[in-house]
Amino acid sequence: MSGIMVIAEQRRGELKAPSLELISAAQPLRRPGDEVSVAALGPAPERHVSALSLAGVDEVITVKTAAAEFEPDTFEATLSALIAQRRPDVVLVPHSIDSFGYAAALAAKHGFGFATDVFDIRRIDGELVATRGGYGQKVSVEVDFPGRNTVLLALRGNSFKAPEQIGTPRVTVFEAPPVAGRSRSIDFIELPASDDVDMTGAEFILTIGRGIGEEANVAQFRELADAIGATLGCSRPIADAGWLPKSRQVGQSGKTASACKLYIAMGVSGAIQHLAGMKHVSTIVAVNSDAGASIFGVAKYGIVGDIFEVAAELRRQFEGDAA
Amino acid sequence: MGRLAPAGRQLRDRVQDLIVGRIDAVTRILFESFSAAEVRLFYAFGYAAIAAFAYGVYVQIRKYRRGAPLKLDGSLWKRLGDMITAVLSHRTVDRRDPAAGGAHRLIFYGFMLLFFGTSTITLEYDILEPLFGVRFWHGEFYLIFSLVLDVAGVALIGGLIYMMVRRGWMRLPKLDYARPDRVPGDPDFDRPQYRREDWAFLWVLIAIGATGYVLEAARLVWLQGRPEIWDVRWWSPAGAILAEAFRALGLTEHGAALFRHGLWWFHGLLALVFIALIPFTKVKHIFTAAGSLMVRDPLAAQRLPRIPESQEQPGAAKITDFNWKQLLNLDACTKCGRCHEACPARAVGAPLSPRDVILSLREFAQATLESGTVPGAAELDIHGKSPGQVAQETLWSCRTCMACVEICPVAVEHVPIIVQMRRKLVEDGAMDPLLTKTLQTIHKTGNSFGESKRKRAAWTKALSFPVKDARKEPVDVLWFVGDYASFDPRNQKVTQTFATLLHEAGVDFGILYEAESNAGNDVRRVGEEGLYELLAGANVAAMAGASFKTIVTTDPHSYNTIRNEYPDFGGKYQIQHYTSFVKHLFDDGKLRVAKRLAYRTTFHDPCHLGRFNKGYEAPRDVLKLLGCELVEMGRSRANSFCCGAGGGRIWIPDPVGSEKPAQNRIKEAAAIPDLEVYVVSCPKDLTMFEDALKTTGNEGKFVVKELIELIREAVPVRLPEGTAV
Amino acid sequence: MKILVAVKQVAALDEDFEFRDDGRDVDPDFLIRDLNEWDDFSLEEAVKIKEASAQPTTVVAVSVGPEEVDEALRKCLAKGADRAVRIWDDAIEGSDPIAVARVLAAAAKREAPDLLFAGVQSSDQSFASTGIATAAFLDWPHAAVVTQLAFTPGAATAVFRRELEGGLLQEVEIQCPAVLTIQLGINTPRYASLRSIKQAAAKPIEVVSLADLGLGAADVGEGGSASRVRRMFVPDKGHAELIEGGAAAQAARLAAIIREFKGVSS
């Protein structure tokens, strides 16, 4: 058992970015002689070879699957065969919606060591130790895997930075066994954007969360966003309640604020799913009446206070400015 | 001088003649000149009218009995006595509308006198004379009787004319049947049948009264030849005036006889038809209003009823889930519109009018419970938007402020009806999502803020002295703090100030710390009776484990439920709202005003302290002690205008763009020139009005302050003896 | 027709919590327990299917845990579950999702449902694994993060939508019986009034032991788990620079930050 295997995920022909972060996560885990291999599964995996040819990757394994899109049985059978052949002692997958569908099944079936939503891994005295959150992310938990030859870990997105330098890995092909998947993908559906907002391209975002209380209060924050020149966004509860269209939701199941440079969160507690969409932003200002809100953990600036008062005062500050 | 003397002597002689001589002969002969057949026919009509009346009464009573059972508490005689006092004094009709009160008094006394007068005649004519040979309706008695009834008739007609002017010309908004809980196009949006009935009632009654006088005048003209009638005609002044007029117009004795004969039938039949129709028309309010007043619960909205053990499904889903008293309430309503006018929800455009809830249910009861058999359960459902049903939005708009119950002249109890219907909605989960979440939060954490129980007394940490734990040591005064006072940052400051004042006054007080839960007043009024029982049970158990003499609270909602409702759950205590408690502290010299505040203030009576528990004076006395100038708002004391947070509405979002009751109230205060402080004594009021101050653009014009904060300004900080510095 | 819904009573941290002496978990005195938020939705979905079905369908709620878990199961009964089963043995203490899944799979074999629901994840430990691991032990078709479901009891397949990253949905068809993990927002969970919860107390909760399921101590607990907790600690919070002062001062500073940003970017 040696080596670290990274599983790269794709969807609709595109490689998913978090897969690249796993490569960086793998490097500190190398023991002498360990190789880091990246397996790309999909209908045309060879397309991703160049994107995966990064520093720190020793081998890219292309695995052609019959299913064009993610299918749990296909992934599990294919990865079972691949892991059985290569026998890595660490397998890294992204903690993604897709891996929610296969990682635990793989671990359960083969008795792997297993932990998900891991944001830190290292070896302590040679032993693999992973850190994840507990009790609603209020505490951190260090776990290890005594007696497990193979450990499967699902890593939290944006916890590691993808390598920037390119590398020259060797490329191999793995013939996957035929699989009769018990589910099949019918179609992808994009939710129609009810307004023309482009959250992913916005550089300055003002997001409101549960702290605004009632739907009637949305209007004042919309006006504030207009006044300061920000795009109005929201966290999940606001979109679920229908107070703002889903196209404005920032978070794991909403939009990622990819281009954002200044992010003001008002009345947002900072649930992990929301953080997934914005914690990478270089300047985050959190405004919340609860000094213990998780959002302060990722913010650069924090204002502990009444969001309505602060919003009103901020509005006043921009009253003189031209529209 | 000399010429008057003989005239005066003549008059004196005449009167003497009357009194001494022929007075006994003075009376009225009934059915004079009617044939026996006519009399029999009249009696036939009379019996028919009585039979119709009796049948109508039977249908109504059968309807009430189809409701759920209810046992009245208290002595029935006392109830009867109270009802008679209320009706005779007309105190409830006078309130906030003395003109209507006065006019209705005229109608009521006029009608009563005329009715009893006529009954007296029947008593003698049909019963006493034929059976016992007793006669009393003659002579002096008869003359006074005639005068009184004439005056009564004038009063009656005068009152009725005023009511016509009121309805037809003054066009008061509360008499306009426009209803907020339906939209144009709904089959029951417009209610022309009510208007028709109102006017028919007025016209018929006036017709009966007017024709009575004309009849009297015609008879006088017809019998002017008989001195025992003509000479005493001025004892019936109205009739006499008309008689003179008729004579002047040339009406002959013969003509008058014919006229009188025909008019007599008209008047008689009209009156009999009127009587027969009483139980089928709004005239029945004579009985239903009196009945409703007799069965009233003086604590109707303050102490809500528990769900009876026998009841399967909680709350009112069908019309028959209401008890007989509630069904009687529905019939007592006279559509006076006072509740409609007083309701804060209606005032801000919410789809609720207490009047229309009652009228809808009344129409529903009439349509379903007045026929021979009661329809099946599916047709008895009172929830919905069909005619007679009550919509969810209507029920959820209520603030349970009891303005409706308090002002209703006939003791209709709207709030318990609304809460019982809410109980059914809660059971079905038909609530605003925010309300659902809040109830789940209260269940989980014992408070509506979702904070850990351990944080309930976090506000005590900022104090410079320890607050006793009433669970661990005995105290004189147990302070029940309440959710808002414990957890809301703005209210926490007030709580800390109050604690400091108590400490300085040397009061031996303690709190229950984590053992205190939400008192449950609003949870109960939302209709979550199961959760209320849990909360009340928990609080009663916590208080049972503590030792104290009296309870004080700064929260009127907690005050109301602990005082009025906890006894039903095994918790009977002596409890005061802080305003009374503090007044005593001042009276006993434990607190002294050092700096008189010269603020121009107005005081907002909190619903649960003022209207619910009549606590109007203590806060005003304290304001006076502090030296403040108090200017009353138009709607004050019992007519105070709710801030809008009650009945669970603080946990339900207001519709976007509509006015909130608190804004309406602040605007009322803003009309007071040079107002400096708007004084409140309830944590929810503080929250709602500070918010409304900003959103109505009045920030900077005056401030909202808790009375406790004013007391702090006037009473200097003074550490009690023996306190370590 | 039967739908089995696996639920979890999760724990949230109370104020000023403390760790156990061994530092591997929080002192249970500081834990506030409640039904997992995701399970409200999965239970509601099952009850909705039952209510819409022409065939008589039973909804059974199952949970692994000690006696205090009965409170969560009672809530499920109040919300429309027909039966509730609780599995416990002291040996189960310290089990991770894989070990719990082993137990749930054994319970599912015993109940033989047509569908097994679990929540996508629990709000306390957020493993997002128990449901899918159970599917592996049963060797059933499975899918995670279901946000919309169309299923008629008795049918051979179900069609559902998964909620993907970025607001994308994927429509999938799956063979049944299957294990589905249910996402928030799939429906509006009904309110269970206190009265209905009290009345549900009359319905019995079946308590089942490991032996009843044919499992042993080695299958569960730390020995049966795929990971072991070494230590639990409160992490250093990220260092946000707190802007002090009243709302006006704070807003002024924030306005300055905004203007600086706009000056730079324009």
# chains A, B, ... in the order shown; residues from 1 in each chain; ligands from 1
>>> residues_around(residues="stretch 59-61 of chain C", least_positions_apart="4", cutoff="8 Å", atoms="only C-alpha atoms", output="ChimeraX atom specification")
/C:2-7,43,46-47,50,73,76-77,80-85
>>> write_last_selection(atoms="all heavy atoms", output="CSV table (one decimal), in the first residue's frame")
chain,number,residue,atom,x,y,z
C,2,LYS,N,-43.9,0.2,1.9
C,2,LYS,CA,-43.3,0.8,3.1
C,2,LYS,C,-42.1,1.7,2.8
C,2,LYS,O,-41.3,1.4,1.9
C,2,LYS,CB,-42.8,-0.4,4.0
C,2,LYS,CG,-42.3,0.1,5.4
C,2,LYS,CD,-41.6,-1.0,6.1
C,2,LYS,CE,-42.5,-2.1,6.6
C,2,LYS,NZ,-41.8,-3.1,7.4
C,3,ILE,N,-42.1,2.8,3.5
C,3,ILE,CA,-40.9,3.7,3.3
C,3,ILE,C,-40.3,3.8,4.7
C,3,ILE,O,-40.9,4.1,5.7
C,3,ILE,CB,-41.3,5.1,2.9
C,3,ILE,CG1,-42.1,5.1,1.6
C,3,ILE,CG2,-40.1,6.0,2.7
C,3,ILE,CD1,-42.6,6.4,1.1
C,4,LEU,N,-39.0,3.5,4.7
C,4,LEU,CA,-38.2,3.6,6.0
C,4,LEU,C,-37.5,4.9,6.0
C,4,LEU,O,-36.8,5.3,5.0
C,4,LEU,CB,-37.2,2.4,6.1
C,4,LEU,CG,-36.5,2.2,7.4
C,4,LEU,CD1,-37.5,1.9,8.5
C,4,LEU,CD2,-35.6,1.0,7.2
C,5,VAL,N,-37.6,5.7,7.1
C,5,VAL,CA,-36.9,7.0,7.1
C,5,VAL,C,-35.9,6.9,8.3
C,5,VAL,O,-36.3,6.8,9.5
C,5,VAL,CB,-37.9,8.1,7.4
C,5,VAL,CG1,-37.2,9.5,7.4
C,5,VAL,CG2,-39.0,8.1,6.3
C,6,ALA,N,-34.6,7.0,8.0
C,6,ALA,CA,-33.6,7.0,9.0
C,6,ALA,C,-33.4,8.4,9.5
C,6,ALA,O,-33.2,9.3,8.8
C,6,ALA,CB,-32.3,6.5,8.5
C,7,VAL,N,-33.6,8.6,10.8
C,7,VAL,CA,-33.5,10.0,11.4
C,7,VAL,C,-32.4,10.0,12.5
C,7,VAL,O,-32.1,8.9,13.1
C,7,VAL,CB,-34.9,10.5,12.0
C,7,VAL,CG1,-36.0,10.4,10.9
C,7,VAL,CG2,-35.3,9.7,13.2
C,43,LEU,N,-38.7,13.0,6.3
C,43,LEU,CA,-40.0,12.4,6.9
C,43,LEU,C,-41.2,13.0,6.2
C,43,LEU,O,-42.1,12.2,5.8
C,43,LEU,CB,-40.1,12.7,8.4
C,43,LEU,CG,-41.3,12.1,9.1
C,43,LEU,CD1,-41.1,10.6,9.2
C,43,LEU,CD2,-41.5,12.7,10.4
C,46,ALA,N,-41.7,11.4,2.9
C,46,ALA,CA,-42.3,10.0,3.0
C,46,ALA,C,-43.8,10.1,3.3
C,46,ALA,O,-44.6,9.4,2.7
C,46,ALA,CB,-41.6,9.3,4.1
C,47,VAL,N,-44.2,11.0,4.2
C,47,VAL,CA,-45.6,11.1,4.6
C,47,VAL,C,-46.4,11.6,3.4
C,47,VAL,O,-47.5,11.1,3.1
C,47,VAL,CB,-45.8,12.0,5.8
C,47,VAL,CG1,-47.2,12.2,6.1
C,47,VAL,CG2,-45.1,11.4,7.0
C,50,LYS,N,-47.0,8.8,1.1
C,50,LYS,CA,-48.0,7.9,1.7
C,50,LYS,C,-49.4,8.5,1.5
C,50,LYS,O,-50.3,7.8,1.1
C,50,LYS,CB,-47.7,7.7,3.2
C,50,LYS,CG,-48.9,7.1,4.0
C,50,LYS,CD,-48.5,6.9,5.4
C,50,LYS,CE,-49.4,7.9,6.3
C,50,LYS,NZ,-49.3,7.5,7.7
C,73,LEU,N,-38.1,10.6,17.9
C,73,LEU,CA,-39.0,9.7,17.2
C,73,LEU,C,-40.4,10.0,17.5
C,73,LEU,O,-41.3,9.8,16.6
C,73,LEU,CB,-38.7,8.2,17.7
C,73,LEU,CG,-37.4,7.7,17.2
C,73,LEU,CD1,-37.0,6.4,17.9
C,73,LEU,CD2,-37.5,7.5,15.7
C,76,CYS,N,-41.5,12.4,15.1
C,76,CYS,CA,-41.8,11.8,13.8
C,76,CYS,C,-43.2,11.2,13.8
C,76,CYS,O,-43.9,11.3,12.8
C,76,CYS,CB,-40.7,10.8,13.5
C,76,CYS,SG,-39.1,11.4,13.3
C,77,LEU,N,-43.5,10.5,14.8
C,77,LEU,CA,-44.9,9.9,14.9
C,77,LEU,C,-45.9,11.0,14.9
C,77,LEU,O,-47.0,10.8,14.2
C,77,LEU,CB,-45.0,9.1,16.2
C,77,LEU,CG,-44.2,7.8,16.3
C,77,LEU,CD1,-44.2,7.3,17.7
C,77,LEU,CD2,-44.7,6.8,15.4
C,80,GLY,N,-46.7,12.1,11.3
C,80,GLY,CA,-47.3,11.2,10.3
C,80,GLY,C,-46.7,9.9,10.2
C,80,GLY,O,-47.1,9.1,9.4
C,81,ALA,N,-45.6,9.6,10.9
C,81,ALA,CA,-45.0,8.2,10.8
C,81,ALA,C,-45.9,7.3,11.5
C,81,ALA,O,-46.6,7.6,12.4
C,81,ALA,CB,-43.6,8.2,11.4
C,82,ASP,N,-46.0,6.1,10.9
C,82,ASP,CA,-47.0,5.1,11.5
C,82,ASP,C,-46.3,4.3,12.7
C,82,ASP,O,-47.0,4.0,13.6
C,82,ASP,CB,-47.4,4.1,10.4
C,82,ASP,CG,-48.1,4.8,9.3
C,82,ASP,OD1,-49.2,5.3,9.5
C,82,ASP,OD2,-47.6,4.8,8.2
C,83,ARG,N,-45.0,4.1,12.5
C,83,ARG,CA,-44.3,3.3,13.6
C,83,ARG,C,-42.9,4.0,13.8
C,83,ARG,O,-42.4,4.6,12.9
C,83,ARG,CB,-44.1,1.9,13.1
C,83,ARG,CG,-45.3,0.9,13.3
C,83,ARG,CD,-45.0,-0.4,12.7
C,83,ARG,NE,-43.7,-0.9,13.0
C,83,ARG,CZ,-42.8,-1.4,12.2
C,83,ARG,NH1,-43.1,-1.5,10.9
C,83,ARG,NH2,-41.7,-1.8,12.6
C,84,ALA,N,-42.4,3.7,14.9
C,84,ALA,CA,-41.0,4.1,15.1
C,84,ALA,C,-40.2,3.0,15.8
C,84,ALA,O,-40.7,2.2,16.6
C,84,ALA,CB,-41.0,5.3,16.1
C,85,VAL,N,-38.9,2.9,15.4
C,85,VAL,CA,-38.0,1.9,15.9
C,85,VAL,C,-36.8,2.5,16.4
C,85,VAL,O,-36.2,3.4,15.7
C,85,VAL,CB,-37.7,0.9,14.8
C,85,VAL,CG1,-36.7,-0.2,15.3
C,85,VAL,CG2,-38.9,0.2,14.2
>>> interface_residues(of="chain C", to="chain B", cutoff="9 Å", atoms="only C-alpha atoms", output="count of residues only")
14
>>> residues_around(residues="A:Pro237", least_positions_apart="2", cutoff="8 Å", atoms="only C-alpha atoms", output="VMD selection string")
chain A and resid 209 to 210 235 239 to 241
>>> interface_residues(of="chain C", to="chain A", cutoff="6 Å", atoms="only C-alpha atoms", output="ChimeraX atom specification")
/C:12,123-125,127,129,132-133,136,141,143-144,165-175,226-235,237-238,240-243,247-248,251
>>> write_last_selection(atoms="C-alpha atoms", output="tab-separated table (two decimals), in the first residue's frame")
chain	number	residue	atom	x	y	z
C	12	ALA	CA	-25.99	21.56	19.28
C	123	SER	CA	-26.41	19.51	11.27
C	124	ASP	CA	-23.96	18.52	13.99
C	125	GLN	CA	-21.19	16.41	12.44
C	127	PHE	CA	-20.43	13.78	7.48
C	129	SER	CA	-22.25	9.71	4.68
C	132	ILE	CA	-25.04	6.23	1.28
C	133	ALA	CA	-22.96	3.91	3.46
C	136	ALA	CA	-23.54	0.04	0.24
C	141	PRO	CA	-29.14	1.64	-5.82
C	143	ALA	CA	-28.37	8.74	-4.86
C	144	ALA	CA	-27.58	11.81	-2.77
C	165	GLU	CA	-23.34	23.16	-7.16
C	166	GLY	CA	-24.09	26.58	-8.63
C	167	GLY	CA	-27.85	26.17	-8.75
C	168	LEU	CA	-27.81	23.44	-11.41
C	169	LEU	CA	-30.23	20.51	-11.21
C	170	GLN	CA	-29.82	17.04	-12.67
C	171	GLU	CA	-32.76	14.80	-13.48
C	172	VAL	CA	-32.08	11.12	-12.85
C	173	GLU	CA	-33.98	7.86	-13.01
C	174	ILE	CA	-33.13	5.17	-10.47
C	175	GLN	CA	-34.17	1.55	-9.93
C	226	ALA	CA	-13.77	4.02	9.88
C	227	SER	CA	-12.14	6.85	11.84
C	228	ARG	CA	-11.23	7.61	15.44
C	229	VAL	CA	-11.38	10.95	17.23
C	230	ARG	CA	-8.02	11.92	18.65
C	231	ARG	CA	-8.95	15.27	20.05
C	232	MET	CA	-11.54	17.97	19.84
C	233	PHE	CA	-10.71	21.63	20.34
C	234	VAL	CA	-11.94	25.14	19.72
C	235	PRO	CA	-10.04	26.53	16.75
C	237	LYS	CA	-11.11	32.18	15.11
C	238	GLY	CA	-9.97	34.04	12.02
C	240	ALA	CA	-11.31	39.95	11.78
C	241	GLU	CA	-10.43	43.53	12.57
C	242	LEU	CA	-13.37	44.73	14.61
C	243	ILE	CA	-14.58	48.23	13.77
C	247	ALA	CA	-23.43	52.65	14.08
C	248	ALA	CA	-22.46	56.03	12.64
C	251	ALA	CA	-20.68	53.02	8.87
>>> closest_atom_pairs(of="chain A", to="chain B", cutoff="10 Å", atoms="only C-alpha atoms", output="JSON lines")
{"residue": "A:Gly213", "atom": "CA", "partner": "B:Pro653", "partner_atom": "CA", "distance": 8.3}
{"residue": "A:Glu214", "atom": "CA", "partner": "B:Pro653", "partner_atom": "CA", "distance": 5.7}
{"residue": "A:Glu215", "atom": "CA", "partner": "B:Val656", "partner_atom": "CA", "distance": 7.2}
{"residue": "A:Ala216", "atom": "CA", "partner": "B:Val656", "partner_atom": "CA", "distance": 4.8}
{"residue": "A:Asn217", "atom": "CA", "partner": "B:Val656", "partner_atom": "CA", "distance": 8.5}
{"residue": "A:Val218", "atom": "CA", "partner": "B:Val656", "partner_atom": "CA", "distance": 9.8}
{"residue": "A:Ala219", "atom": "CA", "partner": "B:Val656", "partner_atom": "CA", "distance": 9.4}
{"residue": "A:Ala241", "atom": "CA", "partner": "B:Pro433", "partner_atom": "CA", "distance": 9.0}
{"residue": "A:Ser289", "atom": "CA", "partner": "B:Pro489", "partner_atom": "CA", "distance": 9.9}
>>> select_by_dssp(residues="stretch 83-125 of chain A", states="helix (DSSP H, G or I)", output="MDAnalysis selection string")
chainID A and resid 83:86 97:100 103:110
>>> closest_residue(among="A:Met266, A:Val171, A:Leu206, A:Met5", to="A:Leu82", atoms="only C-alpha atoms")
A:Met5
>>> atom_distance(atom1="atom CA of B:Leu359", atom2="atom CA of B:Leu327")
11.1 Å
>>> atom_distance(atom1="atom CA of B:Gln496", atom2="atom CA of B:Thr460")
7.0 Å
>>> atom_distance(atom1="atom CA of A:Val6", atom2="atom CA of A:Thr150")
13.0 Å
>>> closest_residue(among="B:Gly212, B:Gly291, B:Pro606, B:Gly627", to="B:Ile84", atoms="only C-alpha atoms")
B:Gly291
>>> select_by_dssp(residues="stretch 231-287 of chain A", states="strand (DSSP E)", output="ChimeraX atom specification")
/A:231-234,262-266,283-287
